[in-house]
$ cat query-v7.cif   # mmCIF, C-alpha atoms
data_data
#
loop_
_atom_site.label_atom_id
_atom_site.label_comp_id
_atom_site.auth_asym_id
_atom_site.auth_seq_id
_atom_site.Cartn_x
_atom_site.Cartn_y
_atom_site.Cartn_z
CA MET A 1 0.00 0.00 0.00
CA ASN A 2 1.42 3.36 -0.97
CA THR A 3 1.08 6.63 0.94
CA GLU A 4 -1.81 7.93 -1.14
CA GLU A 5 -3.87 4.78 -0.57
CA ARG A 6 -3.03 4.89 3.13
CA LEU A 7 -4.24 8.50 3.40
CA LYS A 8 -7.48 7.67 1.55
CA ARG A 9 -8.16 4.85 3.99
CA LEU A 10 -7.33 7.14 6.92
CA PHE A 11 -9.85 9.75 5.78
CA ALA A 12 -12.50 7.06 5.29
CA ALA A 13 -11.86 5.43 8.70
CA SER A 14 -14.71 4.88 11.14
CA PRO A 15 -14.64 6.51 14.60
CA GLU A 16 -13.59 3.17 16.12
CA GLN A 17 -10.72 2.86 13.67
CA MET A 18 -9.68 6.45 14.35
CA GLY A 19 -9.62 5.71 18.08
CA ALA A 20 -7.39 2.71 17.48
CA ILE A 21 -5.09 4.77 15.27
CA ASP A 22 -4.91 7.53 17.91
CA GLY A 23 -4.06 4.95 20.56
CA ILE A 24 -1.24 3.56 18.46
CA LEU A 25 0.15 7.01 17.68
CA GLU A 26 -0.04 8.18 21.29
CA SER A 27 1.40 5.11 22.96
CA GLY A 28 3.29 3.42 20.17
CA ILE A 29 1.77 0.12 21.28
CA ILE A 30 -0.48 -1.97 19.11
CA ARG A 31 -3.31 -3.35 21.22
CA GLU A 32 -4.93 -6.62 20.36
CA LYS A 33 -8.68 -6.74 20.17
CA THR A 34 -10.23 -8.52 23.09
CA THR A 35 -13.06 -10.78 22.16
CA GLU A 36 -15.72 -11.74 24.60
CA THR A 37 -16.50 -15.39 24.80
CA THR A 38 -20.15 -16.16 24.35
CA GLY A 39 -21.66 -19.33 25.68
CA PRO A 40 -20.47 -21.71 28.37
CA LEU A 41 -16.87 -21.58 29.58
CA LEU A 42 -16.68 -25.38 29.72
CA LEU A 43 -17.81 -27.65 26.89
CA GLY A 44 -18.63 -31.34 26.87
CA MET A 45 -16.65 -33.72 24.71
CA THR A 46 -19.20 -33.84 21.88
CA ALA A 47 -19.54 -30.05 21.68
CA SER A 48 -15.75 -29.68 21.90
CA ALA A 49 -15.22 -32.14 19.07
CA LYS A 50 -17.80 -30.32 16.96
CA LEU A 51 -16.11 -26.95 17.63
CA LEU A 52 -12.73 -28.26 16.44
CA GLY A 53 -14.13 -30.44 13.68
CA VAL A 54 -12.55 -33.61 15.03
CA SER A 55 -13.83 -36.81 16.59
CA ARG A 56 -14.18 -37.42 20.32
CA ALA A 57 -11.39 -40.01 20.03
CA THR A 58 -9.11 -37.30 18.65
CA LEU A 59 -9.93 -35.11 21.66
CA TRP A 60 -8.93 -37.90 24.01
CA ARG A 61 -5.66 -38.33 22.09
CA MET A 62 -5.06 -34.58 22.42
CA ILE A 63 -5.71 -34.80 26.18
CA LYS A 64 -3.39 -37.79 26.50
CA GLY A 65 -0.76 -35.94 24.45
CA GLY A 66 -0.94 -32.87 26.71
CA VAL A 67 -2.45 -30.53 24.11
CA LEU A 68 -5.70 -30.15 26.05
CA GLN A 69 -6.40 -30.32 29.76
CA LYS A 70 -9.64 -31.89 30.93
CA VAL A 71 -11.71 -30.57 33.83
CA GLU A 72 -13.50 -33.20 35.91
CA VAL A 73 -16.82 -31.67 36.99
CA LEU A 74 -18.20 -34.87 38.55
CA PRO A 75 -16.56 -38.26 38.97
CA GLY A 76 -16.19 -39.59 35.43
CA SER A 77 -17.68 -36.45 33.83
CA PHE A 78 -15.22 -34.26 31.96
CA ARG A 79 -15.33 -30.89 30.23
CA LEU A 80 -12.84 -28.86 28.22
CA ARG A 81 -12.17 -25.12 28.52
CA ARG A 82 -13.69 -23.13 25.67
CA ALA A 83 -10.70 -20.75 25.70
CA ASP A 84 -8.30 -23.67 25.07
CA LEU A 85 -10.44 -24.97 22.23
CA GLU A 86 -10.79 -21.55 20.63
CA ALA A 87 -7.03 -20.99 20.90
CA ILE A 88 -6.41 -24.22 18.99
CA ALA A 89 -9.11 -23.40 16.43
CA ALA A 90 -7.66 -19.91 15.87
CA GLY A 91 -4.11 -21.26 15.64
CA HIS A 92 -2.91 -19.36 18.73
CA LYS A 93 -2.07 -22.50 20.65
CA LYS A 94 0.74 -24.24 18.84
CA LEU A 95 0.92 -27.99 18.62
CA ARG A 96 4.24 -29.70 19.04
CA ARG A 97 5.67 -31.26 15.87
CA ASN A 98 4.66 -34.83 16.74
CA GLU A 99 1.14 -33.61 17.53
CA THR A 100 0.64 -32.40 13.96
CA ASP A 101 1.10 -35.92 12.66
CA SER A 102 -1.80 -38.18 11.85
CA ASP A 103 -2.29 -38.93 15.56
CA PHE A 104 -4.53 -35.89 15.92
CA HIS A 105 -6.35 -35.91 12.59
CA ASP A 106 -9.40 -37.86 11.53
#

$ encode --input "query-v7.cif" --output "structure tokens"
Amino acid sequence: MNTEERLKRLFAASPEQMGAIDGILESGIIREKTTETTGPLLLGMTASAKLLGVSRATLWRMIKGGVLQKVEVLPGSFRLRRADLEAIAAGHKKLRRNETDSDFHD
């Protein structure tokens, strides 16, 4: 993007975008957007598998491999943290090299 295009986009910026630009110029720090999580903080195994697009067996392999951490809500009843699942889905939580092999794919 050249300077002219950048200026055009600046003049067409929304008030929210202008606020973000002002914040960057004043502090020199780029702030990440915070997203609010909607829905339950803990998900069952079926809902977790659906969110990631994998099977329940794959989730258990990910738990066994240390990629995910289960939360036992009742004896024998487990849930997974939505934040952990969303981090994997968004690519923020990196998988170790051996975890990207076919062990974790359907």

$ atom_distance --input "query-v7.cif" --atom1 "atom CA of Arg56 of chain A" --atom2 "atom CA of Thr38 of chain A"
22.4 Å

$ residues_around --input "query-v7.cif" --residues "segment 2-11 of chain A" --least-positions-apart "5" --cutoff "9 Å" --atoms "all atoms listed in the file" --output "VMD selection string"
chain A and resid 17 to 18 21

$ atom_distance --input "query-v7.cif" --atom1 "atom CA of Lys70 of chain A" --atom2 "atom CA of Gly91 of chain A"
19.4 Å

$ residues_around --input "query-v7.cif" --residues "Ser77 of chain A" --least-positions-apart "3" --cutoff "12 Å" --atoms "all atoms listed in the file" --output "PyMOL selection string"
chain A and resi 42-45+70-74+80

$ write_last_selection --input "query-v7.cif" --atoms "C-alpha atoms" --output "PDB file, keeping the file's coordinate frame"
ATOM      1  CA  LEU A  42     -16.680 -25.380  29.720  1.00  0.00           C
ATOM      2  CA  LEU A  43     -17.810 -27.650  26.890  1.00  0.00           C
ATOM      3  CA  GLY A  44     -18.630 -31.340  26.870  1.00  0.00           C
ATOM      4  CA  MET A  45     -16.650 -33.720  24.710  1.00  0.00           C
ATOM      5  CA  LYS A  70      -9.640 -31.890  30.930  1.00  0.00           C
ATOM      6  CA  VAL A  71     -11.710 -30.570  33.830  1.00  0.00           C
ATOM      7  CA  GLU A  72     -13.500 -33.200  35.910  1.00  0.00           C
ATOM      8  CA  VAL A  73     -16.820 -31.670  36.990  1.00  0.00           C
ATOM      9  CA  LEU A  74     -18.200 -34.870  38.550  1.00  0.00           C
ATOM     10  CA  LEU A  80     -12.840 -28.860  28.220  1.00  0.00           C
TER      11      LEU A  80
END

$ resolve_selection --input "query-v7.cif" --expression "the PyMOL selection byres ((chain A and resi 85) around 10)" --output "list in words"
Leu42, Leu43, Ser48, Ala49, Leu51, Leu52, Val67, Leu68, Leu80, Arg81, Arg82, Ala83, Asp84, Glu86, Ala87, Ile88, Ala89, Ala90, Gly91 and Lys93 of chain A

$ build_atoms --input "query-v7.cif" --residues "segment 51-71 of chain A" --atoms "N, CA and C atoms" --output "CSV table (one decimal), in the coordinates of the input"
chain,number,residue,atom,x,y,z
A,51,LEU,N,-16.8,-28.3,17.8
A,51,LEU,CA,-16.1,-27.0,17.6
A,51,LEU,C,-14.8,-27.0,16.8
A,52,LEU,N,-14.0,-28.1,17.1
A,52,LEU,CA,-12.7,-28.3,16.4
A,52,LEU,C,-12.8,-29.0,15.1
A,53,GLY,N,-14.0,-29.7,14.9
A,53,GLY,CA,-14.1,-30.4,13.7
A,53,GLY,C,-13.4,-31.7,13.7
A,54,VAL,N,-13.3,-32.3,14.9
A,54,VAL,CA,-12.6,-33.6,15.0
A,54,VAL,C,-13.5,-34.6,15.8
A,55,SER,N,-13.0,-35.8,15.9
A,55,SER,CA,-13.8,-36.8,16.6
A,55,SER,C,-13.5,-36.7,18.1
A,56,ARG,N,-14.4,-37.4,18.9
A,56,ARG,CA,-14.2,-37.4,20.3
A,56,ARG,C,-12.9,-38.2,20.6
A,57,ALA,N,-12.6,-39.2,19.8
A,57,ALA,CA,-11.4,-40.0,20.0
A,57,ALA,C,-10.2,-39.1,19.8
A,58,THR,N,-10.2,-38.2,18.9
A,58,THR,CA,-9.1,-37.3,18.6
A,58,THR,C,-8.9,-36.4,19.9
A,59,LEU,N,-10.0,-35.9,20.4
A,59,LEU,CA,-9.9,-35.1,21.7
A,59,LEU,C,-9.2,-35.9,22.8
A,60,TRP,N,-9.6,-37.1,23.0
A,60,TRP,CA,-8.9,-37.9,24.0
A,60,TRP,C,-7.4,-38.1,23.7
A,61,ARG,N,-7.1,-38.2,22.4
A,61,ARG,CA,-5.7,-38.3,22.1
A,61,ARG,C,-5.0,-37.0,22.4
A,62,MET,N,-5.6,-35.9,22.1
A,62,MET,CA,-5.1,-34.6,22.4
A,62,MET,C,-4.9,-34.4,23.9
A,63,ILE,N,-5.8,-34.9,24.7
A,63,ILE,CA,-5.7,-34.8,26.2
A,63,ILE,C,-4.5,-35.7,26.6
A,64,LYS,N,-4.5,-36.9,26.1
A,64,LYS,CA,-3.4,-37.8,26.5
A,64,LYS,C,-2.0,-37.2,26.1
A,65,GLY,N,-2.0,-36.5,24.9
A,65,GLY,CA,-0.8,-35.9,24.4
A,65,GLY,C,-0.4,-34.6,25.1
A,66,GLY,N,-1.3,-34.1,26.0
A,66,GLY,CA,-0.9,-32.9,26.7
A,66,GLY,C,-1.3,-31.6,26.0
A,67,VAL,N,-2.0,-31.7,24.9
A,67,VAL,CA,-2.4,-30.5,24.1
A,67,VAL,C,-3.6,-29.9,24.8
A,68,LEU,N,-4.5,-30.7,25.3
A,68,LEU,CA,-5.7,-30.2,26.0
A,68,LEU,C,-5.7,-30.7,27.5
A,69,GLN,N,-6.3,-29.9,28.4
A,69,GLN,CA,-6.4,-30.3,29.8
A,69,GLN,C,-7.9,-30.5,30.1
A,70,LYS,N,-8.2,-31.6,30.6
A,70,LYS,CA,-9.6,-31.9,30.9
A,70,LYS,C,-10.0,-31.4,32.3
A,71,VAL,N,-11.2,-31.0,32.5
A,71,VAL,CA,-11.7,-30.6,33.8
A,71,VAL,C,-12.8,-31.6,34.3
